[in-house]
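Here is the structure we will look at, set down as C-alpha cells.
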Amino acid sequence: MTETAARRGTALVTGGSRGIGAAAAGALAADGWDVGISYRTRQDEAAKVVAACEKLGRRAYAVQADVAEADQIEQLFDAVTGELGAIGAVVNNAGIVSPSGRVADYAVERLERVFRINTIGAFLVAGAAVRRMSTASGGAGGVIINVSSRGAVLGSAGEYVDYAASKAAVDTMTIGLANEVAKEGIRVLGIRPGLIETDIHEEGRLDRIGGTPPLGRPGKVEEVAELIAFLASERASYMTGSMVDVAGGR
Ligand code: NAD
C-alpha cells in the first residue's frame with residue numbers, strides 16, 4: 001500500500017472536473033494537498049474527481065462556479081476555504097478554445113467569450129487568490145499557477161489566434177503579478193502546454209494541427225499535472241514569474 005503524503009494544505013483547481021484540471025487535482029492530492037475543484041456543468045464528472053482524491057487519502061470538495069462571473073469566484077473561494085481550510089495553491093486552469101476560423105471572420109461575440117473566460121476569468125481568480133493569501137493582509141502566502149498555452153507564443157494561425165492572444169495576456173499577467181506580490185509571500189507561475197489529448201479539441205483538430213512535435217506525439221494530461229504539482233510545492237520555492245513549457249519540444 002502506498003503511504004499517504006503529509007498534508008501540505010488546500011489547493012484549488014478551476015475547471016477541475018476533467019482534462020488537465022482533473023489530472024492536476026489527482027497529482028496535487030497524491031502530493032499531499034486537500035483539493036477543491038470547480039466545475040461548470042458536469043457534477044457527475046466532478047464527483048469522480050473528488051472520489052479519486054479521497055482514495056488517495058485526502059479531503060476533496062467540488063463547487064459549481066463560472067470563472068467569467070466575479071461573484072461566483074468569490075463564493076467558490078469561500079466555500080472551499082470553509083470546507084477544507086485556507087487555500088495555499090490555486091491552479092487557474094478553466095479555459096475554452098474557439099472554433100477553427102480566420103481572424104478576418106471573427107464576430108465580436110466570439111472575441112468577447114474567449115477573452116471573458118480565458119483572460120478576465122484568469123485575472124479574477126488570481127485577484128481572489130491574492131486577497132486571501134497575501135501576508136500583507138493577514139494571509140499565509142501561497143502559489144498561483146496559471147495554465148496558458150504554447151499557442152500564446154506560436155500564434156495558432158488559421159485556427160484560433162484569439163485563443164492564443166487571450167493566453168498571451170495571461171503570460172503577461174503572470175510576470176507582472178509575480179513581481180507585484182513577491183514580497184507578500186505569493187509565488188506566481190505559468191505553464192504553457194502544447195497539444196494535450198483532452199476533450200477541449202473538436203473532432204479531428206489534434207490530427208489536423210498537431211503536426212509532429214519533436215517528441216513525436218501529443219502530450220498526456222498526467223505529464224502536465226506532474227509539472228503543476230512540482231510548481232505548487234516547496235521543490236519550486238525559488239521559482240516565480242516564470243512561464244514553463246510542457247509541449248514536447250514544440
Ligand atoms: P477541457 O475542456 O477538458 O477542460 C476545461 C475545463 O475548464 C473544463 O472543466 C470546463 O468545464 C472548464 N471551464 C470552461 N469554461 C469555464 C467557465 N466559464 N467557468 C468555469 N469553468 C470553465 O480542456 P483542457 O485541455 O483540460 O484545458 C485546461 C486548460 O489547459 C485550459 O485553460 C486550456 O486552454 C489549457 N490548454 C490546453 C491544451 C490542450 O491541448 N488540451 C493546450 C494548452 C493549454
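Here's how to read the names in the C-alpha cells: chain A, B, ... by the order shown, residue numbers from 1 in each chain, ligand numbers from 1 in the order shown.
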
Practice task
Please extract the residues at most 6 Å from ligand 1, counting only C-alpha atoms and all ligand atoms, and provide them as an MDAnalysis selection string, using the chain letters and residue numbers of this document.
Solution key: chainID A and resid 15:21 39:40 65:68 93:96 117 147:149 193:200

Exercise for the section: Fewer than 4 positions away in the same chain doesn't count, so skip those; otherwise give me all residues within 8 Å of stretch 127-132 of chain A, counting only C-alpha atoms, as a ChimeraX atom specification. Expected result: /A:73-74,77,87,90,123,137,139,144,181,186

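Take the candidates A:Asp162, A:Glu54, A:Glu222, A:Glu234 and check each one against A:Glu109 using only C-alpha atoms; the shortest distance goes to A:Asp162.
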
Practice task
Can you work out which one of A:Ala247, A:Ile175, A:Val91, A:Leu189 has the shortest atom-to-atom distance to A:Thr212, counting only C-alpha atoms?
Solution key: A:Ala247

Handout entry: A:Ala232 surroundings by only C-alpha atoms, 8 Å radius, close-in-sequence under 4 positions cut, as an MDAnalysis selection string
Key = chainID A and resid 89 143:145 228 236
